[in-house]
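One structure is given below, encoded as structure tokens.
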Amino acid sequence: MGRDVLVARIDSVRPVVSVLKALAYRDGLKAACIVGPNGIKLSVEESRSMQAHGYLQASMFQEYRVATGTRRQRAGPGGEAGAGGDGFAPSGAGRRSDEGGDAGGGDGDEEEEDLGPVRFAVDLTLLLDCLTIFGGPSAVPYGSASSSLGGGSKSGAPTALRVQLTRELELILVLEDNGVVTVARIATYDPSEISDIDSEFQHGAILYSVILNSEWLRDAFSEFDSSTEMIHIHVSSNHPYFRLSSASAVGELQIDYPKDTDVFESFRCDGTHKMRYYFSFFAHSFKALQFSTKTSLRANENGLLSLQYMIPTGDSTVSFVEFLLTPVVDDEEDELENDEETNHRG
């Protein structure tokens, strides 16, 4: 690998574009990245109240080699790329990568030390602009309205990608489309410290976990008015089982779902739980919802909500984008409401 921290190659850039576009809910985001032996985790945060994580598994690439044993030579504070995110797996998924790795090893006079995964930040908008420079179907995520276009350029051939991350943490993208080669060199940044939402979610007891077809949620959220400030989520082991409700300038809206196999692939809940979340944070995940086929919703005892979207990355492959939302709590009102609903069950 020479002096490269990472070398990866994929025959079609489209799976990478699919994950990154699902994560990029607005322009100007800087994604904190963790490069490990099992893949790349990208994290963004909004107002220290919402986090989103995207995952590029090593298995997505035809070639993936990483060396994480050389000390990073860069001034300024490092910071965590994702609290609790030293592993490579969606929160609570139970799949964590080993810290560090011996895939490459360093050379030259640089100090060698096992520092675990390599961390840096990158402008997500710029990265996507470079990856989609050839346009055509390669720039269209799987699962989007235009996903039937195929996997490559206008001629039908896929746009291939080779990624190199140097020891100086310069990101080099080499894209090849029908014999035309474009090289992009992207400067990276020291990752800013982000909050512990990811870690707090993983360490809290899960109150409920449901998996449903994303189409049901897309239909539901299309009914909510743009002036909606908060969305209420009611999940119960008894009727109404799963309810979404809100109040806006145009009135109140309530959507109930029956607990049957036509809606839910999995439904696990003990008791009754009602929490509120800012609708604007939900809206940040709508692009990921649009590209996804299935959605997992989980909440822990502190009200932290995980929206995990299964994103197609090919004919039979998937990846995941996860949004973590903090609840809106007025003193102890919501906690007491949960307790009272549980005590009056049955």
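Naming scheme: A, B, ... for chains in displayed order of the structure tokens; residues 1 onward per chain; ligands 1 onward as shown.
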>> I'd like the neighbourhood of A:Tyr309 as a list in words, where a residue qualifies if any of its atoms comes within 8 Å (using only C-alpha atoms), though same-chain residues fewer than 2 positions away should be ignored.
In response: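 Result of the neighbour search: Ala288, Leu289, Ser292, Thr293, Lys294, Thr295, Ser296, Leu307, Ile311, Phe320, Val321 and Glu322 of chain A.
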> as an MDAnalysis selection string, which residues of stretch 242-310 of chain A does DSSP assign to strand (DSSP E)?
Replying inline: chainID A and resid 242:248 251:257 264:269 272:278 294:300 305:310
Produce a file of the selected residues containing C-alpha atoms, as a JSON list (two decimals), in the first residue's frame.
```json
[["chain", "number", "residue", "atom", "x", "y", "z"],
["A", 242, "PHE", "CA", -48.44, 2.32, 16.64],
["A", 243, "ARG", "CA", -49.65, 5.90, 16.22],
["A", 244, "LEU", "CA", -48.18, 9.04, 14.65],
["A", 245, "SER", "CA", -49.86, 12.35, 15.48],
["A", 246, "SER", "CA", -49.23, 16.08, 15.28],
["A", 247, "ALA", "CA", -50.84, 19.50, 15.38],
["A", 248, "SER", "CA", -50.09, 22.24, 12.86],
["A", 251, "GLY", "CA", -55.22, 21.25, 12.11],
["A", 252, "GLU", "CA", -54.50, 17.98, 13.86],
["A", 253, "LEU", "CA", -53.46, 14.72, 12.24],
["A", 254, "GLN", "CA", -53.47, 11.19, 13.65],
["A", 255, "ILE", "CA", -52.42, 8.02, 11.83],
["A", 256, "ASP", "CA", -52.87, 4.58, 13.40],
["A", 257, "TYR", "CA", -51.30, 1.35, 12.17],
["A", 264, "PHE", "CA", -44.85, -4.67, 10.36],
["A", 265, "GLU", "CA", -42.14, -7.19, 9.68],
["A", 266, "SER", "CA", -41.31, -7.14, 13.39],
["A", 267, "PHE", "CA", -43.07, -5.58, 16.40],
["A", 268, "ARG", "CA", -41.63, -5.78, 19.92],
["A", 269, "CYS", "CA", -42.96, -3.58, 22.69],
["A", 272, "THR", "CA", -47.06, 1.88, 26.39],
["A", 273, "HIS", "CA", -44.64, 4.63, 25.40],
["A", 274, "LYS", "CA", -45.36, 8.12, 24.10],
["A", 275, "MET", "CA", -42.67, 10.64, 23.18],
["A", 276, "ARG", "CA", -42.39, 13.81, 21.11],
["A", 277, "TYR", "CA", -39.71, 14.82, 18.61],
["A", 278, "TYR", "CA", -39.09, 17.90, 16.51],
["A", 294, "LYS", "CA", -37.33, -1.02, 5.19],
["A", 295, "THR", "CA", -37.23, 1.15, 8.31],
["A", 296, "SER", "CA", -36.41, 0.18, 11.87],
["A", 297, "LEU", "CA", -37.62, 2.38, 14.74],
["A", 298, "ARG", "CA", -36.22, 1.86, 18.23],
["A", 299, "ALA", "CA", -36.42, 4.00, 21.35],
["A", 300, "ASN", "CA", -34.52, 3.60, 24.57],
["A", 305, "LEU", "CA", -35.05, 7.42, 18.89],
["A", 306, "SER", "CA", -33.18, 5.47, 16.24],
["A", 307, "LEU", "CA", -34.48, 5.59, 12.66],
["A", 308, "GLN", "CA", -32.45, 3.04, 10.74],
["A", 309, "TYR", "CA", -33.01, 2.87, 7.00],
["A", 310, "MET", "CA", -32.08, -0.08, 4.80]]
```
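Residues in contact with A:Lys21 at up to 8 Å, not including ones fewer than 4 positions away on its chain and judged by only C-alpha atoms, are Val17, Tyr25, Leu128, Pro141, Lys287 and Ala288 of chain A.
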>> I need the residue nearest A:Ala58 from this list: A:Gln164, A:Asp225, A:Asp177, A:Ser319. Use only C-alpha atoms for the distance.
In response: A:Ser319
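Among A:Ser226, A:Ile233, A:Pro37, A:Asp315, the residue with the shortest atom-to-atom distance to A:Val250, counting only C-alpha atoms, is A:Ser226.
Closest approach to A:Ile34 among A:Ala121, A:Val180, A:Ala220, A:Ala8: A:Ala121, based on only C-alpha atoms.
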> Within 8 Å of A:Gly28, counting only C-alpha atoms, which residues qualify if same-chain residues fewer than 3 places away don't, as an MDAnalysis selection string?
Replying inline: chainID A and resid 123:125
> Looking at only C-alpha atoms, which of A:Leu29, A:Ile133, A:Ala283, A:Val44 is the one that sits closest to A:Val13?
Replying inline: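 For A:Val13, the nearest of the given residues is A:Ile133.
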Excluding same-chain residues fewer than 5 positions from A:Leu165, what lies within 9 Å of it counting only C-alpha atoms, as a PDB file with C-alpha atoms, in the first residue's frame?
```pdb
ATOM      1  CA  ARG A   3       2.143   5.425   2.084  1.00  0.00           C
ATOM      2  CA  ASP A   4      -1.635   5.089   1.720  1.00  0.00           C
ATOM      3  CA  VAL A   5      -3.834   4.600   4.766  1.00  0.00           C
ATOM      4  CA  LEU A   6      -6.657   3.300   2.581  1.00  0.00           C
ATOM      5  CA  VAL A   7      -6.946   1.866  -0.894  1.00  0.00           C
ATOM      6  CA  GLU A 170      -5.503  13.718   1.505  1.00  0.00           C
ATOM      7  CA  LEU A 171      -8.451  11.986  -0.160  1.00  0.00           C
ATOM      8  CA  ILE A 172      -7.821  11.026  -3.800  1.00  0.00           C
ATOM      9  CA  LEU A 173     -10.696   9.870  -6.020  1.00  0.00           C
TER      10      LEU A 173
END
```
> Neighbours of A:Ser18 within 8 Å (only C-alpha atoms; same-chain residues fewer than 2 positions away dropped), as an MDAnalysis selection string?
Replying inline: chainID A and resid 14:16 20:22 140:142 291 311:313
Residues from last step as file, all heavy atoms, as an mmCIF file, in the first residue's frame:
```
data_model
loop_
_atom_site.group_PDB
_atom_site.id
_atom_site.type_symbol
_atom_site.label_atom_id
_atom_site.label_comp_id
_atom_site.auth_asym_id
_atom_site.auth_seq_id
_atom_site.Cartn_x
_atom_site.Cartn_y
_atom_site.Cartn_z
ATOM 1 N N ARG A 14 -22.072 3.865 -7.890
ATOM 2 C CA ARG A 14 -23.456 4.112 -7.501
ATOM 3 C C ARG A 14 -23.809 3.679 -6.082
ATOM 4 O O ARG A 14 -24.539 4.405 -5.384
ATOM 5 C CB ARG A 14 -24.389 3.445 -8.506
ATOM 6 C CG ARG A 14 -25.820 3.927 -8.422
ATOM 7 C CD ARG A 14 -26.657 3.318 -9.525
ATOM 8 N NE ARG A 14 -28.024 3.785 -9.443
ATOM 9 C CZ ARG A 14 -29.016 3.290 -10.165
ATOM 10 N NH1 ARG A 14 -28.785 2.322 -11.020
ATOM 11 N NH2 ARG A 14 -30.248 3.752 -10.026
ATOM 12 N N PRO A 15 -23.345 2.527 -5.576
ATOM 13 C CA PRO A 15 -23.655 2.190 -4.178
ATOM 14 C C PRO A 15 -23.133 3.225 -3.184
ATOM 15 O O PRO A 15 -23.809 3.531 -2.190
ATOM 16 C CB PRO A 15 -22.961 0.834 -3.991
ATOM 17 C CG PRO A 15 -22.879 0.253 -5.359
ATOM 18 C CD PRO A 15 -22.640 1.420 -6.264
ATOM 19 N N VAL A 16 -21.944 3.765 -3.441
ATOM 20 C CA VAL A 16 -21.386 4.793 -2.554
ATOM 21 C C VAL A 16 -22.248 6.050 -2.612
ATOM 22 O O VAL A 16 -22.579 6.656 -1.584
ATOM 23 C CB VAL A 16 -19.925 5.106 -2.947
ATOM 24 C CG1 VAL A 16 -19.359 6.218 -2.070
ATOM 25 C CG2 VAL A 16 -19.065 3.854 -2.855
ATOM 26 N N LEU A 20 -24.280 8.038 0.511
ATOM 27 C CA LEU A 20 -23.905 9.414 0.850
ATOM 28 C C LEU A 20 -25.047 10.394 0.582
ATOM 29 O O LEU A 20 -25.250 11.342 1.347
ATOM 30 C CB LEU A 20 -22.663 9.832 0.071
ATOM 31 C CG LEU A 20 -21.388 9.033 0.360
ATOM 32 C CD1 LEU A 20 -20.188 9.685 -0.317
ATOM 33 C CD2 LEU A 20 -21.140 8.897 1.854
ATOM 34 N N LYS A 21 -25.813 10.174 -0.473
ATOM 35 C CA LYS A 21 -26.947 11.073 -0.741
ATOM 36 C C LYS A 21 -28.047 10.898 0.307
ATOM 37 O O LYS A 21 -28.747 11.861 0.639
ATOM 38 C CB LYS A 21 -27.494 10.828 -2.145
ATOM 39 C CG LYS A 21 -26.646 11.461 -3.238
ATOM 40 C CD LYS A 21 -27.416 11.621 -4.540
ATOM 41 C CE LYS A 21 -26.623 12.438 -5.546
ATOM 42 N NZ LYS A 21 -27.373 12.717 -6.786
ATOM 43 N N ALA A 22 -28.191 9.700 0.832
ATOM 44 C CA ALA A 22 -29.165 9.480 1.908
ATOM 45 C C ALA A 22 -28.751 10.197 3.181
ATOM 46 O O ALA A 22 -29.593 10.624 3.977
ATOM 47 C CB ALA A 22 -29.323 7.981 2.174
ATOM 48 N N VAL A 140 -27.477 8.600 -9.658
ATOM 49 C CA VAL A 140 -28.843 8.368 -9.170
ATOM 50 C C VAL A 140 -28.831 7.249 -8.135
ATOM 51 O O VAL A 140 -28.450 6.123 -8.448
ATOM 52 C CB VAL A 140 -29.783 7.999 -10.335
ATOM 53 C CG1 VAL A 140 -31.196 7.740 -9.814
ATOM 54 C CG2 VAL A 140 -29.784 9.097 -11.386
ATOM 55 N N PRO A 141 -29.239 7.520 -6.901
ATOM 56 C CA PRO A 141 -29.235 6.465 -5.873
ATOM 57 C C PRO A 141 -30.196 5.331 -6.206
ATOM 58 O O PRO A 141 -31.241 5.540 -6.821
ATOM 59 C CB PRO A 141 -29.691 7.206 -4.608
ATOM 60 C CG PRO A 141 -29.433 8.644 -4.885
ATOM 61 C CD PRO A 141 -29.638 8.824 -6.354
ATOM 62 N N TYR A 142 -29.832 4.131 -5.799
ATOM 63 C CA TYR A 142 -30.774 3.020 -5.851
ATOM 64 C C TYR A 142 -31.963 3.367 -4.945
ATOM 65 O O TYR A 142 -31.812 3.992 -3.902
ATOM 66 C CB TYR A 142 -30.128 1.733 -5.349
ATOM 67 C CG TYR A 142 -29.080 1.159 -6.274
ATOM 68 C CD1 TYR A 142 -27.732 1.374 -6.048
ATOM 69 C CD2 TYR A 142 -29.450 0.386 -7.369
ATOM 70 C CE1 TYR A 142 -26.765 0.840 -6.888
ATOM 71 C CE2 TYR A 142 -28.491 -0.153 -8.215
ATOM 72 C CZ TYR A 142 -27.153 0.072 -7.975
ATOM 73 O OH TYR A 142 -26.203 -0.449 -8.805
ATOM 74 N N PHE A 291 -35.114 6.638 -0.227
ATOM 75 C CA PHE A 291 -34.275 5.651 -0.902
ATOM 76 C C PHE A 291 -34.399 4.255 -0.303
ATOM 77 O O PHE A 291 -33.940 3.284 -0.893
ATOM 78 C CB PHE A 291 -32.803 6.067 -0.825
ATOM 79 C CG PHE A 291 -32.492 7.400 -1.448
ATOM 80 C CD1 PHE A 291 -31.370 8.122 -1.054
ATOM 81 C CD2 PHE A 291 -33.314 7.948 -2.421
ATOM 82 C CE1 PHE A 291 -31.074 9.346 -1.622
ATOM 83 C CE2 PHE A 291 -33.041 9.177 -2.989
ATOM 84 C CZ PHE A 291 -31.915 9.882 -2.593
ATOM 85 N N ILE A 311 -30.845 0.753 2.875
ATOM 86 C CA ILE A 311 -30.668 1.392 1.581
ATOM 87 C C ILE A 311 -30.156 0.373 0.566
ATOM 88 O O ILE A 311 -29.090 -0.227 0.779
ATOM 89 C CB ILE A 311 -29.652 2.555 1.673
ATOM 90 C CG1 ILE A 311 -30.040 3.533 2.799
ATOM 91 C CG2 ILE A 311 -29.531 3.270 0.333
ATOM 92 C CD1 ILE A 311 -31.287 4.304 2.547
ATOM 93 N N PRO A 312 -30.858 0.139 -0.534
ATOM 94 C CA PRO A 312 -30.325 -0.770 -1.563
ATOM 95 C C PRO A 312 -29.041 -0.214 -2.163
ATOM 96 O O PRO A 312 -28.932 0.987 -2.430
ATOM 97 C CB PRO A 312 -31.443 -0.802 -2.613
ATOM 98 C CG PRO A 312 -32.664 -0.281 -1.935
ATOM 99 C CD PRO A 312 -32.183 0.678 -0.899
ATOM 100 N N THR A 313 -28.061 -1.074 -2.365
ATOM 101 C CA THR A 313 -26.805 -0.668 -3.002
ATOM 102 C C THR A 313 -26.499 -1.557 -4.201
ATOM 103 O O THR A 313 -25.364 -1.605 -4.665
ATOM 104 C CB THR A 313 -25.645 -0.718 -1.996
ATOM 105 O OG1 THR A 313 -25.581 -2.026 -1.396
ATOM 106 C CG2 THR A 313 -25.817 0.318 -0.906
#
```
> Just asking: which residues within stretch 99-271 of chain A are alpha helix (DSSP H) according to DSSP, as a list of chain:residue names?
Replying inline: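 Here are the alpha helix (DSSP H) residues of stretch 99-271 of chain A: A:Leu124, A:Thr125, A:Leu126, A:Leu127, A:Leu128, A:Asp129, A:Cys130, A:Leu131, A:Ile197, A:Asp198, A:Ser199, A:Glu200, A:Phe201, A:Gln202, A:His203, A:Ser214, A:Glu215, A:Trp216, A:Leu217, A:Arg218, A:Asp219, A:Ala220, A:Phe221.
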With N, CA and C atoms retained, could you export that selection as a short mmCIF file (atom, residue, chain, number, x, y, z; two decimals), in the first residue's frame?
```cif
data_model
loop_
_atom_site.label_atom_id
_atom_site.label_comp_id
_atom_site.auth_asym_id
_atom_site.auth_seq_id
_atom_site.Cartn_x
_atom_site.Cartn_y
_atom_site.Cartn_z
N LEU A 124 -19.09 16.96 2.73
CA LEU A 124 -19.92 15.94 2.11
C LEU A 124 -20.47 16.39 0.76
N THR A 125 -20.81 17.67 0.64
CA THR A 125 -21.31 18.19 -0.63
C THR A 125 -20.24 18.11 -1.71
N LEU A 126 -19.02 18.52 -1.37
CA LEU A 126 -17.91 18.47 -2.31
C LEU A 126 -17.61 17.03 -2.72
N LEU A 127 -17.63 16.13 -1.75
CA LEU A 127 -17.37 14.72 -2.04
C LEU A 127 -18.39 14.17 -3.03
N LEU A 128 -19.66 14.48 -2.83
CA LEU A 128 -20.70 13.99 -3.74
C LEU A 128 -20.57 14.63 -5.13
N ASP A 129 -20.22 15.90 -5.17
CA ASP A 129 -20.02 16.57 -6.46
C ASP A 129 -18.94 15.87 -7.27
N CYS A 130 -17.87 15.47 -6.61
CA CYS A 130 -16.78 14.78 -7.29
C CYS A 130 -17.22 13.38 -7.75
N LEU A 131 -17.92 12.67 -6.88
CA LEU A 131 -18.32 11.30 -7.21
C LEU A 131 -19.33 11.25 -8.35
N ILE A 197 -24.67 11.19 21.71
CA ILE A 197 -25.98 10.62 21.44
C ILE A 197 -25.87 9.14 21.07
N ASP A 198 -24.91 8.82 20.19
CA ASP A 198 -24.75 7.43 19.75
C ASP A 198 -24.48 6.52 20.94
N SER A 199 -23.54 6.92 21.79
CA SER A 199 -23.19 6.11 22.95
C SER A 199 -24.35 6.01 23.94
N GLU A 200 -25.05 7.12 24.15
CA GLU A 200 -26.18 7.12 25.08
C GLU A 200 -27.29 6.19 24.59
N PHE A 201 -27.48 6.15 23.29
CA PHE A 201 -28.52 5.26 22.78
C PHE A 201 -28.13 3.80 23.00
N GLN A 202 -26.89 3.47 22.71
CA GLN A 202 -26.45 2.08 22.83
C GLN A 202 -26.50 1.57 24.27
N HIS A 203 -26.29 2.47 25.22
CA HIS A 203 -26.22 2.03 26.62
C HIS A 203 -27.56 2.11 27.35
N SER A 214 -40.82 0.69 4.32
CA SER A 214 -40.64 2.15 4.27
C SER A 214 -41.78 2.86 3.54
N GLU A 215 -42.45 2.16 2.65
CA GLU A 215 -43.54 2.78 1.90
C GLU A 215 -44.64 3.27 2.83
N TRP A 216 -44.89 2.53 3.92
CA TRP A 216 -45.92 2.94 4.87
C TRP A 216 -45.55 4.27 5.52
N LEU A 217 -44.28 4.42 5.89
CA LEU A 217 -43.86 5.68 6.51
C LEU A 217 -43.84 6.82 5.50
N ARG A 218 -43.42 6.55 4.27
CA ARG A 218 -43.42 7.60 3.25
C ARG A 218 -44.83 8.14 3.05
N ASP A 219 -45.80 7.23 2.98
CA ASP A 219 -47.19 7.66 2.81
C ASP A 219 -47.66 8.48 4.00
N ALA A 220 -47.27 8.06 5.21
CA ALA A 220 -47.71 8.76 6.41
C ALA A 220 -47.13 10.17 6.47
N PHE A 221 -45.82 10.29 6.25
CA PHE A 221 -45.19 11.60 6.39
C PHE A 221 -45.59 12.56 5.27
#
```
> With only C-alpha atoms as the basis for distance, which of A:Thr326, A:Ser195, A:Thr317, A:Thr228 is at the shortest distance from A:Leu304?
Replying inline: A:Thr326
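Within 9 Å of A:Ile40, once only C-alpha atoms are used and residues closer than 3 positions along the same chain are dropped, the contacting residues are Cys33, Ile34, Val35, Gly36, Pro37, Gly54, Tyr55, Leu56, Gln57, Ala58 and Phe88 of chain A.
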Keeping only N, CA and C atoms, write the selected residues to a file as a PDB file, in the first residue's frame.
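Wrote out17.pdb, looks like this:
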```
ATOM      1  N   CYS A  33     -15.428  11.062   9.588  1.00  0.00           N
ATOM      2  CA  CYS A  33     -15.235   9.720   9.032  1.00  0.00           C
ATOM      3  C   CYS A  33     -14.325   8.883   9.914  1.00  0.00           C
ATOM      4  N   ILE A  34     -14.664   7.618  10.044  1.00  0.00           N
ATOM      5  CA  ILE A  34     -13.816   6.632  10.706  1.00  0.00           C
ATOM      6  C   ILE A  34     -13.518   5.540   9.690  1.00  0.00           C
ATOM      7  N   VAL A  35     -12.238   5.328   9.421  1.00  0.00           N
ATOM      8  CA  VAL A  35     -11.814   4.278   8.495  1.00  0.00           C
ATOM      9  C   VAL A  35     -11.270   3.123   9.317  1.00  0.00           C
ATOM     10  N   GLY A  36     -11.888   1.967   9.195  1.00  0.00           N
ATOM     11  CA  GLY A  36     -11.460   0.775   9.919  1.00  0.00           C
ATOM     12  C   GLY A  36     -11.404  -0.413   8.983  1.00  0.00           C
ATOM     13  N   PRO A  37     -10.967  -1.557   9.486  1.00  0.00           N
ATOM     14  CA  PRO A  37     -10.819  -2.738   8.635  1.00  0.00           C
ATOM     15  C   PRO A  37     -12.133  -3.267   8.080  1.00  0.00           C
ATOM     16  N   GLY A  54     -23.794   7.005   8.267  1.00  0.00           N
ATOM     17  CA  GLY A  54     -23.853   6.184   7.063  1.00  0.00           C
ATOM     18  C   GLY A  54     -22.717   5.183   7.069  1.00  0.00           C
ATOM     19  N   TYR A  55     -22.925   4.031   6.454  1.00  0.00           N
ATOM     20  CA  TYR A  55     -21.969   2.930   6.531  1.00  0.00           C
ATOM     21  C   TYR A  55     -21.617   2.416   5.138  1.00  0.00           C
ATOM     22  N   LEU A  56     -20.332   2.441   4.826  1.00  0.00           N
ATOM     23  CA  LEU A  56     -19.801   1.857   3.590  1.00  0.00           C
ATOM     24  C   LEU A  56     -19.015   0.619   3.993  1.00  0.00           C
ATOM     25  N   GLN A  57     -19.657  -0.535   3.915  1.00  0.00           N
ATOM     26  CA  GLN A  57     -19.006  -1.768   4.351  1.00  0.00           C
ATOM     27  C   GLN A  57     -17.858  -2.123   3.416  1.00  0.00           C
ATOM     28  N   ALA A  58     -16.828  -2.739   3.990  1.00  0.00           N
ATOM     29  CA  ALA A  58     -15.698  -3.195   3.185  1.00  0.00           C
ATOM     30  C   ALA A  58     -16.161  -4.158   2.099  1.00  0.00           C
ATOM     31  N   PHE A  88     -17.718  -0.589  13.660  1.00  0.00           N
ATOM     32  CA  PHE A  88     -18.425  -0.328  12.419  1.00  0.00           C
ATOM     33  C   PHE A  88     -19.707  -1.129  12.427  1.00  0.00           C
TER      34      PHE A  88
END
```
